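Chemist: This is data.tsv (TSV, C-alpha atoms).
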```
chain	number	residue	atom	x	y	z
A	380	MET	CA	98.88	52.50	62.96
A	381	LEU	CA	99.75	56.12	63.78
A	382	GLU	CA	100.73	58.27	60.87
A	383	ALA	CA	102.62	61.33	62.04
A	384	ARG	CA	103.58	64.15	59.75
A	385	GLU	CA	107.19	65.15	60.04
A	386	GLU	CA	106.33	68.86	60.36
A	387	ASP	CA	104.13	68.17	63.44
A	388	ILE	CA	106.98	66.33	65.14
A	389	ASP	CA	109.28	69.23	64.19
A	390	ARG	CA	106.92	71.77	65.77
A	391	ILE	CA	106.86	69.82	69.04
A	392	THR	CA	110.64	69.49	68.95
A	393	GLY	CA	110.88	73.22	68.20
A	394	LEU	CA	108.89	74.05	71.34
A	395	PHE	CA	111.34	72.19	73.60
A	396	HIS	CA	114.26	73.50	71.60
A	397	ARG	CA	113.19	77.09	72.30
A	398	ILE	CA	112.79	76.32	76.01
A	399	LEU	CA	116.30	74.86	76.11
A	400	LYS	CA	117.63	77.90	74.24
A	401	GLY	CA	116.30	80.15	76.99
A	402	GLU	CA	113.23	81.37	75.16
A	403	ILE	CA	109.66	81.26	76.37
A	404	PRO	CA	107.67	79.59	73.61
A	405	GLN	CA	104.06	80.20	72.68
A	406	PRO	CA	101.68	77.21	72.86
A	407	LEU	CA	101.36	75.08	69.76
A	408	VAL	CA	98.07	75.38	67.89
A	409	LEU	CA	96.66	72.46	65.94
A	410	PRO	CA	93.97	72.80	63.30
A	411	GLU	CA	90.50	72.19	64.65
A	412	ASP	CA	90.03	69.22	62.42
A	413	TYR	CA	93.26	67.60	63.60
A	414	PRO	CA	92.55	63.97	64.37
A	415	GLU	CA	92.22	62.80	67.97
A	416	ASN	CA	95.41	60.83	68.14
A	417	GLU	CA	98.64	60.51	70.13
A	418	ILE	CA	100.18	63.50	68.34
A	419	ARG	CA	97.34	65.75	69.57
A	420	GLN	CA	97.86	64.30	73.06
A	421	VAL	CA	101.60	65.01	72.96
A	422	VAL	CA	100.87	68.58	71.80
A	423	GLN	CA	98.41	69.06	74.67
A	424	TYR	CA	100.98	67.89	77.22
A	425	ALA	CA	103.72	69.98	75.60
A	426	ASN	CA	101.44	73.03	75.78
A	427	ARG	CA	100.59	72.34	79.44
A	428	PHE	CA	104.26	72.05	80.21
A	429	ALA	CA	105.06	75.23	78.26
A	430	THR	CA	102.28	77.14	80.07
A	431	GLU	CA	103.45	76.08	83.53
A	432	TYR	CA	107.04	76.68	82.52
A	433	ARG	CA	106.18	80.23	81.37
A	434	ALA	CA	104.38	81.00	84.63
A	435	LEU	CA	107.27	79.62	86.64
A	436	ALA	CA	109.84	81.49	84.53
A	437	ASP	CA	107.95	84.77	85.07
A	438	ALA	CA	107.75	84.13	88.82
A	439	ILE	CA	111.43	83.22	89.15
A	440	SER	CA	112.33	86.28	87.13
A	441	ALA	CA	110.28	88.46	89.52
A	442	LEU	CA	111.90	86.80	92.52
A	443	SER	CA	115.36	87.36	91.08
A	444	ARG	CA	114.52	91.08	90.88
A	445	GLY	CA	113.71	91.01	94.60
A	446	GLU	CA	109.95	91.10	94.16
A	447	LEU	CA	107.92	88.93	96.50
A	448	ASP	CA	104.45	90.35	96.16
A	449	PHE	CA	103.03	88.17	93.42
A	450	ASP	CA	100.83	85.13	93.15
A	451	VAL	CA	102.86	81.98	92.96
A	452	PRO	CA	101.96	79.75	89.98
A	453	THR	CA	100.20	76.61	91.09
A	454	GLY	CA	100.58	73.13	89.73
A	455	LYS	CA	101.65	69.68	90.73
A	456	MET	CA	105.10	69.77	89.16
A	457	HIS	CA	107.75	69.26	91.80
A	458	VAL	CA	109.56	72.40	90.68
A	459	LEU	CA	106.38	74.48	91.22
A	460	GLN	CA	105.89	73.06	94.70
A	461	SER	CA	109.51	73.79	95.57
A	462	PHE	CA	109.19	77.30	94.23
A	463	LYS	CA	106.05	77.85	96.32
A	464	ASN	CA	108.04	76.66	99.33
A	465	LEU	CA	110.90	79.05	98.60
A	466	HIS	CA	108.52	81.96	98.04
A	467	ALA	CA	106.65	81.23	101.28
A	468	ASN	CA	109.92	81.05	103.20
A	469	LEU	CA	111.16	84.35	101.82
A	470	ARG	CA	107.85	86.07	102.56
A	471	HIS	CA	107.90	84.58	106.05
A	472	LEU	CA	111.44	85.84	106.51
A	473	THR	CA	110.25	89.30	105.44
A	474	TRP	CA	107.39	89.15	107.94
A	475	LYS	CA	109.74	88.01	110.71
A	476	THR	CA	112.18	90.82	109.93
A	477	GLN	CA	109.32	93.33	110.02
A	478	GLN	CA	108.31	92.07	113.47
A	479	ILE	CA	111.89	92.33	114.71
A	480	ALA	CA	112.20	95.82	113.21
A	481	SER	CA	109.10	96.83	115.14
A	482	GLY	CA	110.72	95.69	118.39
A	483	ASP	CA	109.63	92.07	118.78
A	484	LEU	CA	112.91	90.28	119.44
A	485	THR	CA	111.29	86.98	120.40
A	486	GLN	CA	111.09	85.97	116.74
A	487	HIS	CA	113.51	83.50	115.20
A	488	VAL	CA	113.76	81.80	111.83
A	489	ASP	CA	114.34	78.20	110.78
A	490	PHE	CA	115.30	78.56	107.16
A	491	MET	CA	118.46	78.32	105.07
A	492	GLY	CA	120.74	76.67	107.65
A	493	GLY	CA	123.68	79.00	108.22
A	494	PHE	CA	121.60	82.05	107.40
A	495	SER	CA	118.99	81.28	110.07
A	496	LYS	CA	121.75	80.61	112.63
A	497	ALA	CA	123.38	83.97	111.86
A	498	PHE	CA	119.99	85.72	111.79
A	499	ASN	CA	118.91	84.23	115.13
A	500	ARG	CA	122.28	85.10	116.64
A	501	MET	CA	121.90	88.67	115.41
A	502	THR	CA	118.43	88.86	116.97
A	503	GLN	CA	119.78	87.45	120.22
A	504	GLN	CA	122.59	90.00	120.24
A	505	LEU	CA	120.11	92.79	119.58
A	506	LYS	CA	118.01	91.52	122.45
A	507	GLU	CA	121.01	91.47	124.78
A	508	ALA	CA	122.17	94.90	123.59
A	509	PHE	CA	118.71	96.39	124.16
A	510	ALA	CA	118.53	94.75	127.59
A	511	LYS	CA	121.94	96.25	128.42
A	512	ILE	CA	120.82	99.69	127.23
A	513	ASP	CA	117.65	99.34	129.31
A	514	ARG	CA	119.70	98.46	132.39
A	515	GLN	CA	122.06	101.38	131.76
A	516	ASN	CA	119.12	103.72	131.25
A	517	GLN	CA	117.66	102.49	134.51
A	518	ASP	CA	120.96	103.07	136.34
A	519	LEU	CA	121.22	106.52	134.80
A	520	SER	CA	117.65	107.26	135.74
A	521	HIS	CA	118.29	106.22	139.36
A	522	ALA	CA	121.50	108.27	139.48
A	523	ASN	CA	119.63	111.21	138.01
A	524	GLU	CA	116.88	110.85	140.61
A	525	ARG	CA	119.48	110.78	143.41
A	526	MET	CA	121.20	113.84	141.98
A	527	LYS	CA	117.87	115.62	141.59
A	528	ARG	CA	116.98	114.83	145.20
A	529	ASP	CA	120.38	116.18	146.35
A	530	LEU	CA	119.97	119.32	144.27
A	531	ASP	CA	116.45	119.84	145.61
A	532	ALA	CA	117.79	119.47	149.14
A	533	ALA	CA	120.58	121.95	148.37
A	534	ALA	CA	118.05	124.34	146.86
A	535	ARG	CA	115.97	124.12	150.04
A	536	VAL	CA	119.07	124.91	152.10
A	537	GLN	CA	119.81	127.81	149.79
A	538	GLN	CA	116.28	129.12	150.28
A	539	THR	CA	116.85	129.25	154.05
A	540	LEU	CA	119.67	131.76	153.46
A	541	LEU	CA	117.29	134.20	151.81
A	542	PRO	CA	115.53	136.87	153.88
A	543	ASP	CA	112.93	135.36	156.14
A	544	SER	CA	111.73	138.79	157.26
A	545	LEU	CA	112.24	142.31	156.02
A	546	PRO	CA	113.01	145.44	157.99
A	547	GLU	CA	110.04	147.59	158.75
A	548	VAL	CA	110.70	151.19	157.83
A	549	GLN	CA	108.14	153.90	157.74
A	550	GLY	CA	107.60	155.17	154.20
A	551	LEU	CA	109.49	152.30	152.59
A	552	SER	CA	108.61	148.81	151.62
A	553	PHE	CA	110.93	146.04	150.51
A	554	ALA	CA	110.08	143.13	148.28
A	555	TRP	CA	112.12	140.46	146.60
A	556	SER	CA	111.68	137.61	144.28
A	557	TYR	CA	114.11	134.78	143.69
A	558	ARG	CA	113.70	132.53	140.64
A	559	PRO	CA	116.65	130.27	139.83
A	560	CYS	CA	116.84	129.24	136.20
A	561	ASP	CA	118.42	125.90	137.23
A	562	GLU	CA	117.87	123.76	140.29
A	563	LEU	CA	120.51	125.79	142.11
A	564	ALA	CA	121.11	129.49	141.66
A	565	GLY	CA	124.41	131.30	141.81
A	566	ASP	CA	122.86	134.43	143.25
A	567	ALA	CA	121.84	135.49	146.72
A	568	LEU	CA	120.42	138.54	148.40
A	569	ASN	CA	119.54	139.86	151.79
A	570	ILE	CA	118.09	142.95	153.40
A	571	PHE	CA	118.50	143.48	157.10
A	572	ARG	CA	118.84	146.14	159.66
A	573	ILE	CA	122.32	146.90	160.96
A	574	ASN	CA	121.30	149.42	163.61
A	575	ASP	CA	118.75	152.18	164.12
A	576	ASP	CA	120.23	154.19	161.27
A	577	LEU	CA	121.47	151.63	158.79
A	578	ILE	CA	119.79	149.07	156.60
A	579	ALA	CA	122.02	146.67	154.68
A	580	LEU	CA	121.08	145.29	151.33
A	581	TYR	CA	123.28	143.04	149.31
A	582	LEU	CA	122.90	141.19	146.05
A	583	LEU	CA	125.42	138.52	145.11
A	584	ASP	CA	125.66	137.71	141.46
A	585	VAL	CA	128.08	134.83	141.05
A	586	SER	CA	129.25	134.18	137.57
A	587	GLY	CA	127.74	130.94	136.24
A	588	HIS	CA	125.05	128.58	137.50
A	589	GLY	CA	124.75	125.28	139.19
A	590	VAL	CA	126.57	123.71	142.08
A	591	PRO	CA	129.91	125.65	141.93
A	592	ALA	CA	128.14	129.02	141.76
A	593	ALA	CA	125.69	127.99	144.47
A	594	LEU	CA	128.49	126.84	146.77
A	595	LEU	CA	130.29	130.15	146.33
A	596	SER	CA	127.16	132.19	146.97
A	597	VAL	CA	126.33	130.06	150.03
A	598	THR	CA	129.86	130.55	151.38
A	599	VAL	CA	129.70	134.30	150.92
A	600	THR	CA	126.17	134.51	152.34
A	601	ARG	CA	127.26	132.44	155.29
A	602	GLY	CA	130.16	134.84	155.87
A	603	LEU	CA	127.86	137.80	155.73
A	604	HIS	CA	125.41	136.19	158.14
A	605	LEU	CA	128.22	135.53	160.58
A	606	ALA	CA	129.38	139.10	160.21
A	607	ARG	CA	125.98	140.32	161.24
A	608	GLY	CA	126.34	138.81	164.72
A	609	ARG	CA	129.65	140.44	165.65
A	610	PRO	CA	131.92	143.22	164.45
A	611	HIS	CA	133.89	142.21	161.46
A	612	PRO	CA	136.70	144.12	159.81
A	613	SER	CA	135.15	143.76	156.43
A	614	TRP	CA	131.75	144.91	157.54
A	615	PRO	CA	130.92	148.43	156.31
A	616	GLY	CA	131.15	151.08	158.92
A	617	PRO	CA	129.36	154.42	158.91
A	618	GLY	CA	132.31	156.40	157.51
A	619	PRO	CA	132.94	156.99	153.79
A	620	THR	CA	136.42	155.44	153.95
A	621	ARG	CA	135.06	151.93	153.96
A	622	LYS	CA	133.03	151.11	150.95
A	623	PRO	CA	130.32	148.57	151.49
A	624	TRP	CA	129.19	146.53	148.55
A	625	ILE	CA	125.79	148.03	148.68
A	626	ARG	CA	124.82	150.43	151.39
A	627	TYR	CA	121.60	152.14	152.02
A	628	ARG	CA	121.53	154.86	154.57
A	629	TRP	CA	118.22	155.82	155.92
A	630	HIS	CA	117.83	158.95	157.95
A	631	ARG	CA	115.15	158.92	160.51
A	632	ARG	CA	113.23	162.14	160.44
B	536	MET	CA	82.08	65.59	98.96
B	537	GLU	CA	80.98	69.02	100.23
B	538	ALA	CA	79.35	67.43	103.27
B	539	ALA	CA	82.57	65.56	104.00
B	540	ASP	CA	84.54	68.80	103.65
B	541	ARG	CA	82.27	70.52	106.15
B	542	VAL	CA	82.78	67.69	108.64
B	543	PHE	CA	86.55	67.81	108.16
B	544	TYR	CA	86.53	71.61	108.53
B	545	ALA	CA	84.48	71.46	111.76
B	546	ALA	CA	86.73	68.72	113.14
B	547	GLY	CA	89.83	70.78	112.36
B	548	GLU	CA	88.28	73.87	113.91
B	549	LEU	CA	87.53	72.02	117.13
B	550	ALA	CA	91.04	70.57	117.19
B	551	GLY	CA	92.55	74.02	116.65
B	552	LYS	CA	90.52	75.47	119.51
B	553	HIS	CA	91.57	72.71	121.92
B	554	PHE	CA	95.14	72.84	120.67
B	555	TYR	CA	95.22	76.53	121.60
B	556	GLU	CA	93.60	76.01	124.98
B	557	ASN	CA	95.88	73.14	126.00
B	558	LEU	CA	99.24	73.77	124.36
B	559	ILE	CA	99.61	77.51	123.84
B	560	THR	CA	100.74	79.50	126.86
B	561	LYS	CA	101.74	82.85	125.38
B	562	ARG	CA	98.45	84.50	124.68
B	563	ASN	CA	99.11	88.16	125.37
B	564	SER	CA	100.38	89.21	121.97
B	565	PHE	CA	99.87	87.89	118.47
B	566	ASN	CA	103.60	87.74	117.76
B	567	GLU	CA	104.40	85.75	120.86
B	568	PHE	CA	101.50	83.46	120.08
B	569	VAL	CA	102.85	82.89	116.54
B	570	ALA	CA	106.39	82.26	117.79
B	571	GLU	CA	105.19	79.67	120.28
B	572	LEU	CA	102.78	78.10	117.81
B	573	GLN	CA	105.60	77.64	115.30
B	574	ASP	CA	107.73	75.91	117.90
B	575	VAL	CA	104.97	73.63	119.11
B	576	LEU	CA	103.85	72.66	115.58
B	577	ARG	CA	107.43	71.93	114.60
B	578	ASP	CA	108.31	70.04	117.78
B	579	MET	CA	105.19	67.88	117.52
B	580	GLY	CA	105.94	67.12	113.88
B	581	ILE	CA	102.67	68.64	112.72
B	582	GLY	CA	104.09	71.11	110.25
B	583	ILE	CA	106.16	74.19	109.61
B	584	LEU	CA	104.08	77.33	110.05
B	585	ARG	CA	105.07	80.38	108.09
B	586	ILE	CA	103.28	83.71	108.27
B	587	GLU	CA	103.71	85.38	104.90
B	588	LYS	CA	101.62	88.45	105.58
B	589	GLY	CA	99.73	89.63	108.59
B	590	ASP	CA	97.53	92.56	109.40
B	591	ILE	CA	96.54	92.35	113.04
B	592	GLU	CA	94.21	95.34	112.73
B	593	LYS	CA	92.30	93.95	109.78
B	594	LEU	CA	92.75	90.42	111.10
B	595	THR	CA	93.87	89.08	107.75
B	596	PHE	CA	96.73	86.67	107.49
B	597	THR	CA	98.44	84.75	104.73
B	598	LEU	CA	100.23	81.72	106.07
B	599	THR	CA	101.48	78.37	104.92
B	600	VAL	CA	101.84	75.14	106.80
B	601	ALA	CA	104.32	72.86	105.12
B	602	GLU	CA	104.10	69.11	105.70
B	603	ASP	CA	100.68	69.68	107.13
B	604	LEU	CA	98.24	67.33	108.71
B	605	ASP	CA	96.31	65.81	105.90
B	606	CYS	CA	98.03	66.91	102.69
B	607	SER	CA	101.33	65.24	103.27
B	608	GLY	CA	101.80	61.59	102.67
B	609	LEU	CA	98.52	61.24	100.84
B	610	PRO	CA	98.49	59.16	97.70
B	611	ALA	CA	98.34	61.24	94.53
B	612	CYS	CA	94.67	61.39	93.77
B	613	ASP	CA	94.51	64.66	91.84
B	614	GLU	CA	92.46	66.24	94.64
B	615	GLN	CA	93.50	68.54	97.43
B	616	ILE	CA	92.03	67.46	100.74
B	617	CYS	CA	93.05	70.24	103.06
B	618	THR	CA	89.79	71.24	104.69
B	619	TYR	CA	90.86	69.83	108.06
B	620	ASP	CA	93.87	72.18	108.04
B	621	GLU	CA	91.71	75.13	107.08
B	622	GLY	CA	89.48	74.39	110.05
B	623	PHE	CA	92.48	73.84	112.32
B	624	ILE	CA	94.04	77.22	111.43
B	625	SER	CA	90.66	78.90	111.72
B	626	GLY	CA	90.11	77.34	115.18
B	627	LEU	CA	93.54	78.47	116.39
B	628	LEU	CA	93.15	82.06	115.21
B	629	SER	CA	89.58	82.31	116.45
B	630	ALA	CA	90.62	81.02	119.87
B	631	HIS	CA	93.44	83.57	120.07
B	632	THR	CA	91.58	86.62	118.83
B	633	GLY	CA	88.09	85.79	120.07
B	634	ARG	CA	86.86	86.59	116.57
B	635	LYS	CA	85.41	84.22	114.03
B	636	PHE	CA	87.95	83.43	111.33
B	637	SER	CA	87.46	81.74	108.04
B	638	SER	CA	90.48	80.29	106.32
B	639	ARG	CA	90.78	79.65	102.64
B	640	ARG	CA	93.30	77.50	100.88
```
Translate this file's structure into structure tokens.

Modeler:
Amino acid sequence: MLEAREEDIDRITGLFHRILKGEIPQPLVLPEDYPENEIRQVVQYANRFATEYRALADAISALSRGELDFDVPTGKMHVLQSFKNLHANLRHLTWKTQQIASGDLTQHVDFMGGFSKAFNRMTQQLKEAFAKIDRQNQDLSHANERMKRDLDAAARVQQTLLPDSLPEVQGLSFAWSYRPCDELAGDALNIFRINDDLIALYLLDVSGHGVPAALLSVTVTRGLHLARGRPHPSWPGPGPTRKPWIRYRWHRR
Amino acid sequence: MEAADRVFYAAGELAGKHFYENLITKRNSFNEFVAELQDVLRDMGIGILRIEKGDIEKLTFTLTVAEDLDCSGLPACDEQICTYDEGFISGLLSAHTGRKFSSRR
């Protein structure tokens, strides 16, 4: 016949009472000489439960603060297994998100029903958006290449309008250098002989750069080249009444 | 018991290697491999694979397989018998990386 002291039963009741009140109780301690009976067995089980409960309570508390980097308490209680499952899922979700953040959009999740659907949809949309950006970048790149080719061609044409030979004059030497800061320059120059006495030198400095400036300088250069082949009213004559843009008179000795 | 564990582990390892060779097609990157492995394991009803942590440079991974091969549906016997799974995971990872892996429950 088991004889239980009322105070021992009260202590066991107190342990569960504290758990139900929201406290985390300390294990019960029985005297070493406490008899090996059912009361000792109940205390042992109550202590085991309290220990696993404390570990679980600590872990859930950490999880509720957003912490995931802790060792999950182990045990065979269903609640511990479920908690392990939840913890593993959340850590897996973190890992998946890290992979997606690093650019791997092939990842998807199968957890928490509506959340995983929304998450996978978001990933899919990101994938489509990135693919669209890639396509647009490619189109831009191709357009840029075409434009660059056209500009290079225009620059080559512009180069043909620069002096291909320089007048030979005893005691003088001419040199020029032409370095556009963009693909196309707005400037142009030429040095050529008009007749036995006159050398023409002009330097066009069109305001601005790029295509509009280049077109203007090409137009003017073209006009000047045409003017070289035949008399032109605007072409500078030998008299002082007509002012050439730049005129160099060389007197043969 | 230890001898039985070793046999289970080796069997799992062999199964993992052949599983990789016959059922995994995306072998170029670890992430693609994991994504496909998850799908195949789930579709074949083997288990739900979850990578919790992974360091591809150090080749260390923490993963869980829920409803796995030999731990689910076993009668409660107060013993965990998961050595086959350990071998299976080890075989899969070794086949993918070409490096010897050891997995620990």

Chemist: Tell me which of B:Lys593, B:Lys588, B:Arg639, B:Lys561 sits closest to A:Leu472, counting all atoms listed in the file.

Modeler: B:Lys588

Chemist: I need the contact residues of chain B against chain A, so if you could list those with any atom within 8 Å, counting only C-alpha atoms, and return them as an MDAnalysis selection string, that would help.

Modeler: chainID B and resid 566:567 570 585:589 599 601

Chemist: Kindly give the distance, in Å, that separates atom CA of A:Leu407 and atom CA of A:Thr453, rounded to a single decimal.

Modeler: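 According to the coordinates, atom CA of A:Leu407 and atom CA of A:Thr453 are separated by 21.4 Å.
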
Chemist: I need the residue nearest B:Leu594 from this list: B:Leu549, B:Leu558, B:Met579, B:Leu628. Use only C-alpha atoms for the distance.

Modeler: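 Counting only C-alpha atoms, the residue closest to B:Leu594 is B:Leu628.
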
Chemist: Can you tell me how far atom CA of A:Gln503 sits from atom CA of B:Gly580, in Å to one decimal?

Modeler: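 About the pair atom CA of A:Gln503 and atom CA of B:Gly580: they are 25.4 Å apart.
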
Chemist: Would you work out the distance separating atom CA of A:Phe428 from atom CA of A:Ser440, expressed in Å to one decimal?

Modeler: 17.8 Å

Chemist: Could you name the residues that touch stretch 538-544 of chain B at 9 Å or less, counting only C-alpha atoms, but leaving out those on the same chain fewer than 6 positions away, as a list of chain:residue names?

Modeler: B:Ile616, B:Cys617, B:Thr618, B:Tyr619, B:Asp620, B:Glu621, B:Gly622, B:Phe623, B:Ser625

Chemist: Which residue, A:Asn523, A:Arg427, A:Pro410, A:Cys560, has the smallest gap to A:His588 when you use only C-alpha atoms?

Modeler: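 Using only C-alpha atoms, A:His588 sits closest to A:Cys560.
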
Chemist: Extract, using all atoms listed in the file, all DNA, RNA and protein residues at most 12 Å from A:Phe395, discarding same-chain residues fewer than 2 positions from it, and format them as a ChimeraX atom specification.

Modeler: /A:388-393,397-407,422,424-426,428-429,432

Chemist: Go ahead and save the residues from that selection, with C-alpha atoms, as a compact mmCIF listing (two decimals), in the coordinates of the input.

Modeler:
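Contents of the output file again.txt:
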```
# COMPACT_ATOMS: atom_id res chain seq x y z
CA ILE A 388 106.98 66.33 65.14
CA ASP A 389 109.28 69.23 64.19
CA ARG A 390 106.92 71.77 65.77
CA ILE A 391 106.86 69.82 69.04
CA THR A 392 110.64 69.49 68.95
CA GLY A 393 110.88 73.22 68.20
CA ARG A 397 113.19 77.09 72.30
CA ILE A 398 112.79 76.32 76.01
CA LEU A 399 116.30 74.86 76.11
CA LYS A 400 117.63 77.90 74.24
CA GLY A 401 116.30 80.15 76.99
CA GLU A 402 113.23 81.37 75.16
CA ILE A 403 109.66 81.26 76.37
CA PRO A 404 107.67 79.59 73.61
CA GLN A 405 104.06 80.20 72.68
CA PRO A 406 101.68 77.21 72.86
CA LEU A 407 101.36 75.08 69.76
CA VAL A 422 100.87 68.58 71.80
CA TYR A 424 100.98 67.89 77.22
CA ALA A 425 103.72 69.98 75.60
CA ASN A 426 101.44 73.03 75.78
CA PHE A 428 104.26 72.05 80.21
CA ALA A 429 105.06 75.23 78.26
CA TYR A 432 107.04 76.68 82.52
```

Chemist: Determine the nearest neighbour of B:Gly551 from the options B:Ser637, B:Ser629, B:Asn563, B:Gln573, counting all atoms listed in the file.

Modeler: B:Ser629

Chemist: Please work out which residues fall within 12 Å of (108.8, 73.6, 90.9), coordinates as given in the file, with only C-alpha atoms counting, and return them as a compact mmCIF listing (two decimals) with C-alpha atoms, keeping the file's coordinate frame.

Modeler:
```
# COMPACT_ATOMS: atom_id res chain seq x y z
CA PHE A 428 104.26 72.05 80.21
CA GLU A 431 103.45 76.08 83.53
CA TYR A 432 107.04 76.68 82.52
CA ARG A 433 106.18 80.23 81.37
CA ALA A 434 104.38 81.00 84.63
CA LEU A 435 107.27 79.62 86.64
CA ALA A 436 109.84 81.49 84.53
CA ALA A 438 107.75 84.13 88.82
CA ILE A 439 111.43 83.22 89.15
CA VAL A 451 102.86 81.98 92.96
CA PRO A 452 101.96 79.75 89.98
CA THR A 453 100.20 76.61 91.09
CA GLY A 454 100.58 73.13 89.73
CA LYS A 455 101.65 69.68 90.73
CA MET A 456 105.10 69.77 89.16
CA HIS A 457 107.75 69.26 91.80
CA VAL A 458 109.56 72.40 90.68
CA LEU A 459 106.38 74.48 91.22
CA GLN A 460 105.89 73.06 94.70
CA SER A 461 109.51 73.79 95.57
CA PHE A 462 109.19 77.30 94.23
CA LYS A 463 106.05 77.85 96.32
CA ASN A 464 108.04 76.66 99.33
CA LEU A 465 110.90 79.05 98.60
CA HIS A 466 108.52 81.96 98.04
```
